[in-house]
>>> print(open('my_file.pdb').read())   # PDB, C-alpha atoms
ATOM      1  CA  MET A 250      85.966 124.210 111.989
ATOM      2  CA  THR A 251      86.292 125.403 108.382
ATOM      3  CA  ILE A 252      89.158 124.752 105.935
ATOM      4  CA  ALA A 253      90.185 128.423 106.297
ATOM      5  CA  GLN A 254      90.370 128.114 110.098
ATOM      6  CA  ALA A 255      92.341 124.839 109.966
ATOM      7  CA  VAL A 256      94.825 126.357 107.524
ATOM      8  CA  GLU A 257      95.232 129.328 109.873
ATOM      9  CA  VAL A 258      95.777 127.097 112.928
ATOM     10  CA  VAL A 259      98.661 125.174 111.343
ATOM     11  CA  LYS A 260     100.083 128.243 109.524
ATOM     12  CA  ALA A 261      99.754 126.461 106.184
ATOM     13  CA  GLU A 262     100.369 127.990 102.789
ATOM     14  CA  PRO A 263      98.137 127.220  99.829
ATOM     15  CA  VAL A 264      99.532 124.969  97.077
ATOM     16  CA  VAL A 265      96.218 124.398  95.330
ATOM     17  CA  PRO A 266      93.818 126.559  97.373
ATOM     18  CA  ALA A 267      90.208 125.608  98.065
ATOM     19  CA  GLU A 268      87.541 127.443  96.094
ATOM     20  CA  GLU A 269      85.208 127.202  99.062
ATOM     21  CA  THR A 270      87.143 127.705 102.312
ATOM     22  CA  GLU A 271      84.159 128.272 104.606
ATOM     23  CA  SER A 272      82.665 124.780 104.390
ATOM     24  CA  LYS A 273      82.741 122.838 107.663
ATOM     25  CA  LEU A 274      85.199 119.982 108.097
ATOM     26  CA  THR A 275      83.608 116.766 109.393
ATOM     27  CA  GLY A 276      86.800 115.748 111.209
ATOM     28  CA  CYS A 277      90.497 115.107 110.772
ATOM     29  CA  PHE A 278      92.675 112.087 110.041
ATOM     30  CA  ALA A 279      96.487 111.861 109.952
ATOM     31  CA  SER A 280      98.415 109.110 108.173
ATOM     32  CA  ASP A 281     100.998 108.312 105.525
ATOM     33  CA  LEU A 282      99.323 104.954 104.877
ATOM     34  CA  MET A 283      96.744 105.343 102.159
ATOM     35  CA  SER A 284      95.018 102.057 103.052
ATOM     36  CA  ASP A 285      94.343 103.484 106.510
ATOM     37  CA  VAL A 286      92.976 106.665 104.961
ATOM     38  CA  LEU A 287      90.680 104.594 102.711
ATOM     39  CA  ALA A 288      89.494 102.527 105.673
ATOM     40  CA  LEU A 289      89.169 105.136 108.395
ATOM     41  CA  ALA A 290      88.940 108.726 107.111
ATOM     42  CA  THR A 291      85.390 109.996 106.704
ATOM     43  CA  PRO A 292      84.010 112.028 103.789
ATOM     44  CA  GLY A 293      84.403 115.785 104.262
ATOM     45  CA  SER A 294      87.352 115.450 106.624
ATOM     46  CA  LEU A 295      90.855 116.938 106.546
ATOM     47  CA  LEU A 296      93.919 114.753 105.889
ATOM     48  CA  ILE A 297      97.282 115.553 107.496
ATOM     49  CA  THR A 298     100.031 113.590 105.745
ATOM     50  CA  GLY A 299     103.721 113.344 104.988
ATOM     51  CA  LEU A 300     103.144 111.409 101.772
ATOM     52  CA  THR A 301     103.749 113.690  98.795
ATOM     53  CA  THR A 302     102.737 111.544  95.836
ATOM     54  CA  ASP A 303      99.707 111.881  93.579
ATOM     55  CA  GLN A 304      98.361 108.720  95.287
ATOM     56  CA  THR A 305      97.603 110.950  98.278
ATOM     57  CA  ILE A 306      95.336 113.059  96.082
ATOM     58  CA  ARG A 307      93.668 110.072  94.348
ATOM     59  CA  THR A 308      92.990 108.568  97.766
ATOM     60  CA  ALA A 309      91.527 111.843  99.023
ATOM     61  CA  ALA A 310      89.308 112.070  95.941
ATOM     62  CA  ILE A 311      88.078 108.468  96.213
ATOM     63  CA  ARG A 312      87.276 109.050  99.911
ATOM     64  CA  HIS A 313      85.686 112.508  99.264
ATOM     65  CA  LEU A 314      88.010 114.305 101.699
ATOM     66  CA  ALA A 315      87.703 118.082 102.041
ATOM     67  CA  ALA A 316      91.406 118.990 101.868
ATOM     68  CA  VAL A 317      94.975 117.732 102.314
ATOM     69  CA  ILE A 318      97.705 119.401 104.389
ATOM     70  CA  VAL A 319     101.292 118.241 103.810
ATOM     71  CA  ILE A 320     103.597 118.495 106.828
ATOM     72  CA  GLU A 321     107.230 119.556 107.377
ATOM     73  CA  ASP A 322     107.282 121.923 104.388
ATOM     74  CA  LYS A 323     107.905 118.909 102.168
ATOM     75  CA  GLU A 324     108.614 119.415  98.496
ATOM     76  CA  ILE A 325     105.415 118.913  96.500
ATOM     77  CA  SER A 326     105.933 117.397  93.077
ATOM     78  CA  SER A 327     104.306 118.833  89.988
ATOM     79  CA  ASP A 328     102.478 115.472  89.626
ATOM     80  CA  MET A 329     100.868 115.908  93.018
ATOM     81  CA  ARG A 330      99.974 119.514  92.282
ATOM     82  CA  GLU A 331      98.497 118.532  88.923
ATOM     83  CA  ALA A 332      96.487 115.672  90.494
ATOM     84  CA  ALA A 333      95.083 118.078  93.103
ATOM     85  CA  ARG A 334      93.898 120.463  90.381
ATOM     86  CA  GLU A 335      92.483 117.638  88.292
ATOM     87  CA  GLU A 336      90.584 116.027  91.184
ATOM     88  CA  GLY A 337      89.544 119.315  92.804
ATOM     89  CA  ILE A 338      91.246 118.486  96.105
ATOM     90  CA  PRO A 339      92.514 121.586  97.965
ATOM     91  CA  LEU A 340      96.192 121.143  98.900
ATOM     92  CA  TYR A 341      98.145 123.049 101.559
ATOM     93  CA  ARG A 342     101.571 122.829 103.176
ATOM     94  CA  THR A 343     102.622 123.516 106.759
ATOM     95  CA  PRO A 344     106.129 123.831 108.258
ATOM     96  CA  LEU A 345     104.868 121.967 111.371
ATOM     97  CA  SER A 346     105.481 118.289 112.136
ATOM     98  CA  LYS A 347     102.556 115.868 111.946
ATOM     99  CA  TYR A 348     102.341 115.730 115.739
ATOM    100  CA  GLU A 349     102.358 119.503 116.141
ATOM    101  CA  ALA A 350      99.789 120.025 113.399
ATOM    102  CA  CYS A 351      97.482 117.394 114.897
ATOM    103  CA  ALA A 352      97.868 118.699 118.446
ATOM    104  CA  LEU A 353      97.095 122.282 117.442
ATOM    105  CA  LEU A 354      94.055 121.261 115.399
ATOM    106  CA  MET A 355      92.743 119.065 118.221
ATOM    107  CA  ASN A 356      93.232 121.910 120.720
ATOM    108  CA  ALA A 357      91.399 124.250 118.361
ATOM    109  CA  GLY A 358      88.425 121.884 118.448
ATOM    110  CA  LEU A 359      88.733 119.815 115.266
ATOM    111  CA  ARG A 360      87.518 116.306 116.095
ATOM    112  CA  PRO A 361      89.100 113.055 114.893
ATOM    113  CA  CYS A 362      87.365 110.946 112.256
ATOM    114  CA  ARG A 363      85.301 108.298 113.944
ATOM    115  CA  ARG A 364      82.770 105.898 112.642
ATOM    116  CA  GLN A 365      79.293 106.884 113.719
ATOM    117  CA  GLY A 366      78.534 106.216 117.337
ATOM    118  CA  THR A 367      82.020 105.305 118.486
ATOM    119  CA  PHE A 368      83.214 108.753 119.554
ATOM    120  CA  THR A 369      82.054 109.476 123.067
ATOM    121  CA  ARG A 370      84.062 112.485 124.188
TER     122      ARG A 370
ATOM    123  CA  MET B 290      78.513  85.821  91.194
ATOM    124  CA  ARG B 291      74.887  84.764  91.010
ATOM    125  CA  ALA B 292      73.620  81.805  89.117
ATOM    126  CA  MET B 293      70.715  83.534  87.419
ATOM    127  CA  GLN B 294      71.355  85.057  84.021
ATOM    128  CA  GLU B 295      70.484  88.701  84.217
ATOM    129  CA  GLU B 296      71.579  91.573  82.009
ATOM    130  CA  PRO B 297      73.353  94.399  83.845
ATOM    131  CA  LEU B 298      71.946  97.924  83.454
ATOM    132  CA  VAL B 299      75.445  99.257  82.800
ATOM    133  CA  GLU B 300      78.654  97.389  82.062
ATOM    134  CA  ARG B 301      82.105  98.942  81.647
ATOM    135  CA  LYS B 302      85.701  97.784  81.598
ATOM    136  CA  PHE B 303      88.921  99.737  82.260
ATOM    137  CA  PRO B 304      92.537  98.606  81.797
ATOM    138  CA  ILE B 305      95.121  98.677  84.615
ATOM    139  CA  LEU B 306      98.850  98.818  83.878
ATOM    140  CA  GLY B 307     101.234  97.065  86.230
ATOM    141  CA  ARG B 308     104.083  99.202  87.624
ATOM    142  CA  ALA B 309     102.528 102.376  86.187
ATOM    143  CA  TYR B 310     102.474 103.950  89.620
ATOM    144  CA  PHE B 311     101.560 107.385  88.375
ATOM    145  CA  LEU B 312      98.383 105.966  86.799
ATOM    146  CA  GLY B 313      97.338 104.077  89.940
ATOM    147  CA  GLY B 314      93.822 105.095  90.884
ATOM    148  CA  ARG B 315      92.723 106.187  87.409
ATOM    149  CA  ALA B 316      90.643 103.082  86.705
ATOM    150  CA  SER B 317      88.893 103.386  90.083
ATOM    151  CA  THR B 318      88.207 107.074  89.462
ATOM    152  CA  SER B 319      86.565 106.028  86.177
ATOM    153  CA  VAL B 320      84.523 103.334  87.949
ATOM    154  CA  LYS B 321      83.392 105.916  90.504
ATOM    155  CA  ARG B 322      82.288 108.239  87.697
ATOM    156  CA  VAL B 323      80.309 105.465  85.980
ATOM    157  CA  LEU B 324      78.522 104.598  89.235
ATOM    158  CA  THR B 325      77.680 108.232  89.991
ATOM    159  CA  GLN B 326      76.403 108.809  86.446
ATOM    160  CA  ALA B 327      74.245 105.676  86.709
ATOM    161  CA  GLY B 328      72.587 107.128  89.807
ATOM    162  CA  VAL B 329      73.991 104.637  92.325
ATOM    163  CA  ASP B 330      73.584 105.945  95.885
ATOM    164  CA  GLU B 331      76.522 107.719  97.527
ATOM    165  CA  GLU B 332      77.203 105.127 100.216
ATOM    166  CA  THR B 333      77.456 102.309  97.708
ATOM    167  CA  VAL B 334      79.654 104.468  95.448
ATOM    168  CA  GLN B 335      82.002 105.021  98.399
ATOM    169  CA  ARG B 336      82.219 101.329  99.275
ATOM    170  CA  VAL B 337      82.802 100.249  95.671
ATOM    171  CA  SER B 338      85.365 103.038  95.063
ATOM    172  CA  VAL B 339      87.433 102.192  98.142
ATOM    173  CA  ALA B 340      87.470  98.443  97.412
ATOM    174  CA  CYS B 341      88.160  99.059  93.745
ATOM    175  CA  TYR B 342      91.055 101.433  94.481
ATOM    176  CA  GLU B 343      92.704  98.921  96.814
ATOM    177  CA  ALA B 344      92.257  96.161  94.229
ATOM    178  CA  GLU B 345      93.625  98.407  91.482
ATOM    179  CA  MET B 346      96.692  99.258  93.574
ATOM    180  CA  ASN B 347      97.273  95.541  94.130
ATOM    181  CA  VAL B 348      97.447  95.113  90.351
ATOM    182  CA  VAL B 349      99.682  98.180  89.919
ATOM    183  CA  LEU B 350     102.045  97.069  92.687
ATOM    184  CA  HIS B 351     102.249  93.337  92.017
ATOM    185  CA  ALA B 352     101.144  92.464  88.485
ATOM    186  CA  THR B 353     102.138  93.256  84.917
ATOM    187  CA  SER B 354      98.691  94.111  83.573
ATOM    188  CA  GLY B 355      95.022  93.722  84.295
ATOM    189  CA  HIS B 356      91.592  95.248  84.086
ATOM    190  CA  VAL B 357      88.588  96.148  86.189
ATOM    191  CA  ALA B 358      85.072  95.358  84.982
ATOM    192  CA  VAL B 359      82.070  96.926  86.658
ATOM    193  CA  SER B 360      78.470  95.770  86.204
ATOM    194  CA  ILE B 361      75.583  97.693  87.687
ATOM    195  CA  TYR B 362      72.351  95.841  88.421
ATOM    196  CA  GLU B 363      69.072  97.027  89.914
ATOM    197  CA  ASP B 364      69.966  95.697  93.359
ATOM    198  CA  ARG B 365      73.765  95.416  93.362
ATOM    199  CA  VAL B 366      77.104  96.380  91.833
ATOM    200  CA  GLU B 367      79.571  93.716  90.777
ATOM    201  CA  VAL B 368      83.247  94.421  90.211
ATOM    202  CA  VAL B 369      85.770  91.954  88.838
ATOM    203  CA  VAL B 370      89.488  92.777  88.904
ATOM    204  CA  VAL B 371      91.681  90.440  86.884
ATOM    205  CA  ASP B 372      95.451  90.526  86.521
ATOM    206  CA  ARG B 373      98.344  88.705  84.936
ATOM    207  CA  GLY B 374     101.159  88.455  87.440
ATOM    208  CA  PRO B 375     102.697  86.399  90.209
ATOM    209  CA  GLY B 376      99.378  85.425  91.815
ATOM    210  CA  ILE B 377      98.938  84.989  95.566
ATOM    211  CA  GLU B 378     100.778  82.096  97.190
ATOM    212  CA  ASP B 379      98.696  81.941 100.348
ATOM    213  CA  VAL B 380      95.316  83.684 100.188
ATOM    214  CA  ASP B 381      94.545  83.215 103.903
ATOM    215  CA  LEU B 382      97.821  84.937 104.765
ATOM    216  CA  ALA B 383      97.162  87.762 102.290
ATOM    217  CA  LEU B 384      93.789  88.380 103.959
ATOM    218  CA  ARG B 385      95.467  88.837 107.340
ATOM    219  CA  PRO B 386      95.690  92.551 108.293
ATOM    220  CA  GLY B 387      99.285  93.759 108.212
ATOM    221  CA  TRP B 388     100.700  90.896 106.154
ATOM    222  CA  SER B 389     102.332  92.161 102.967
ATOM    223  CA  SER B 390     104.635  91.049 100.183
ATOM    224  CA  ALA B 391     104.889  94.552  98.721
ATOM    225  CA  SER B 392     108.174  96.150  97.685
ATOM    226  CA  GLU B 393     109.785  99.178  99.284
ATOM    227  CA  GLU B 394     108.674 101.108  96.228
ATOM    228  CA  ALA B 395     105.041 100.229  96.945
ATOM    229  CA  ARG B 396     105.443 101.291 100.552
ATOM    230  CA  SER B 397     106.938 104.610  99.509
ATOM    231  CA  LEU B 398     103.659 105.299  97.672
ATOM    232  CA  GLY B 399     101.695 104.850 100.888
ATOM    233  CA  PHE B 400     100.506 101.346  99.985
ATOM    234  CA  GLY B 401     101.741  97.855 100.731
ATOM    235  CA  ALA B 402     101.109  98.043 104.477
ATOM    236  CA  GLY B 403      99.123  94.828 104.325
ATOM    237  CA  MET B 404      95.666  96.383 104.573
ATOM    238  CA  GLY B 405      94.523  96.032 100.946
ATOM    239  CA  LEU B 406      92.549  92.795 101.005
ATOM    240  CA  PRO B 407      91.339  93.320 104.610
ATOM    241  CA  ASN B 408      90.043  96.767 103.581
ATOM    242  CA  ILE B 409      88.324  95.254 100.549
ATOM    243  CA  GLN B 410      86.743  92.601 102.754
ATOM    244  CA  GLN B 411      85.292  95.348 104.974
ATOM    245  CA  GLN B 412      83.540  97.024 102.065
ATOM    246  CA  VAL B 413      82.080  94.081 100.141
ATOM    247  CA  ASP B 414      79.026  91.937 100.749
ATOM    248  CA  GLU B 415      80.618  89.021  98.930
ATOM    249  CA  MET B 416      84.062  88.411  97.515
ATOM    250  CA  HIS B 417      85.783  85.550  95.805
ATOM    251  CA  ILE B 418      89.483  85.189  94.999
ATOM    252  CA  GLU B 419      90.774  82.774  92.386
ATOM    253  CA  THR B 420      94.514  82.662  91.879
ATOM    254  CA  THR B 421      97.184  80.567  90.235
ATOM    255  CA  VAL B 422     100.767  81.205  91.273
ATOM    256  CA  GLY B 423     102.740  82.509  88.299
ATOM    257  CA  GLU B 424      99.610  83.363  86.321
ATOM    258  CA  GLY B 425      97.531  85.909  88.172
ATOM    259  CA  VAL B 426      94.514  86.756  90.274
ATOM    260  CA  ARG B 427      90.785  87.121  89.672
ATOM    261  CA  LEU B 428      88.997  89.013  92.418
ATOM    262  CA  ALA B 429      85.194  89.150  92.187
ATOM    263  CA  MET B 430      83.324  91.523  94.503
ATOM    264  CA  SER B 431      79.634  92.146  95.002
ATOM    265  CA  PHE B 432      77.994  95.092  96.768
ATOM    266  CA  ARG B 433      74.295  95.348  97.607
ATOM    267  CA  ARG B 434      73.005  98.775  96.639
ATOM    268  CA  GLY B 435      71.731 101.336  99.090
ATOM    269  CA  GLU B 436      71.936  99.252 102.217
ATOM    270  CA  ARG B 437      73.460 100.632 105.381
ATOM    271  CA  ARG B 438      75.969  98.140 106.689
ATOM    272  CA  ASN B 439      77.424  97.744 110.157
ATOM    273  CA  VAL B 440      81.117  98.018 109.340
TER     274      VAL B 440
END
>>> encode(input="my_file.pdb", output="structure tokens")
Amino acid sequence: MTIAQAVEVVKAEPVVPAEETESKLTGCFASDLMSDVLALATPGSLLITGLTTDQTIRTAAIRHLAAVIVIEDKEISSDMREAAREEGIPLYRTPLSKYEACALLMNAGLRPCRRQGTFTR
Amino acid sequence: MRAMQEEPLVERKFPILGRAYFLGGRASTSVKRVLTQAGVDEETVQRVSVACYEAEMNVVLHATSGHVAVSIYEDRVEVVVVDRGPGIEDVDLALRPGWSSASEEARSLGFGAGMGLPNIQQQVDEMHIETTVGEGVRLAMSFRRGERRNV
């Protein structure tokens, strides 16, 4: 699945749109805990989160994530927006809840982040 | 961390400000840039960046000031994060996944869930914590370059 397709699936609006929306996502991870994102999300994956601070963006950049989608139409601060531009992390916002966004993306075929060899489905 | 005296290929140091939440992650971003520019392989850059970011956030969330020093050698990367602050009362407890002494403020930033040191431990090949309560923490980490690890 590409960033463009994922954005379409969760009816997200661009906040800081991706320059390249056709690149393939390697998977998806959902969390508000940045330590979990650092430990478990894989490079090139999509992050679904309710955390709207610039730490979300710094974490995504350090982990080389492909894009971030904020849930529940949460207010996005200018700091977060600025960090996304600075770090080159595409940022989107969906009106859906985290559960709904994840369920729709999973149904559409986007796989969860897994360490190599542990995902058997 | 090693006994032999050996000059690093690259050596850099970046300051970390305690409580400057909005700057949290800047020092690690700089470390990542230095590693990439020095031609360190991507996997090692990832491991160092993740560990460094967690360590930096520990300083931001708990301490008053500190710095991160990175040294790149032919075969490894060494990172030392030093802070002035409250120190760690019980290191064994702090290494336990899920244990945290972080404030509500830290948690609202998506950190402080008690995974910092355990995450660091997952990324490093060697780590050493020295701490004095009321004075601060010195965390030394070493990463072998270019080796695929079973984490």
>>> resolve_selection(input="my_file.pdb", expression="the ChimeraX specification (/A :<7) & /B", output="list in words")
Gly314, Thr318, Gln335, Ser338, Val339, Leu398, Gly399, Phe400, Met404, Gly405 and Asn408 of chain B
>>> resolve_selection(input="my_file.pdb", expression="the PyMOL selection byres ((chain A and resi 263) around 9)", output="compact mmCIF listing (two decimals) with C-alpha atoms, in the coordinates of the input")
# COMPACT_ATOMS: atom_id res chain seq x y z
CA VAL A 256 94.82 126.36 107.52
CA ALA A 261 99.75 126.46 106.18
CA GLU A 262 100.37 127.99 102.79
CA VAL A 264 99.53 124.97 97.08
CA VAL A 265 96.22 124.40 95.33
CA PRO A 266 93.82 126.56 97.37
CA ALA A 267 90.21 125.61 98.06
CA PRO A 339 92.51 121.59 97.96
CA LEU A 340 96.19 121.14 98.90
CA TYR A 341 98.14 123.05 101.56
CA ARG A 342 101.57 122.83 103.18
>>> atom_distance(input="my_file.pdb", atom1="atom CA of Gly376 of chain B", atom2="atom CA of Arg396 of chain B")
19.1 Å
>>> resolve_selection(input="my_file.pdb", expression="the PyMOL selection byres ((chain B and resi 354-369) around 6)", output="number ranges by chain")
B: 297-307, 352-353, 370-373, 428-434
>>> closest_atom_pairs(input="my_file.pdb", of="segment 293-359 of chain A", to="segment 268-271 of chain A", cutoff="10 Å", atoms="all atoms listed in the file", output="CSV")
residue,atom,partner,partner_atom,distance
A:Ala315,CA,A:Thr270,CA,9.6
A:Ala316,CA,A:Thr270,CA,9.7
A:Gly337,CA,A:Glu268,CA,9.0
A:Ile338,CA,A:Glu268,CA,9.7
A:Pro339,CA,A:Glu268,CA,7.9
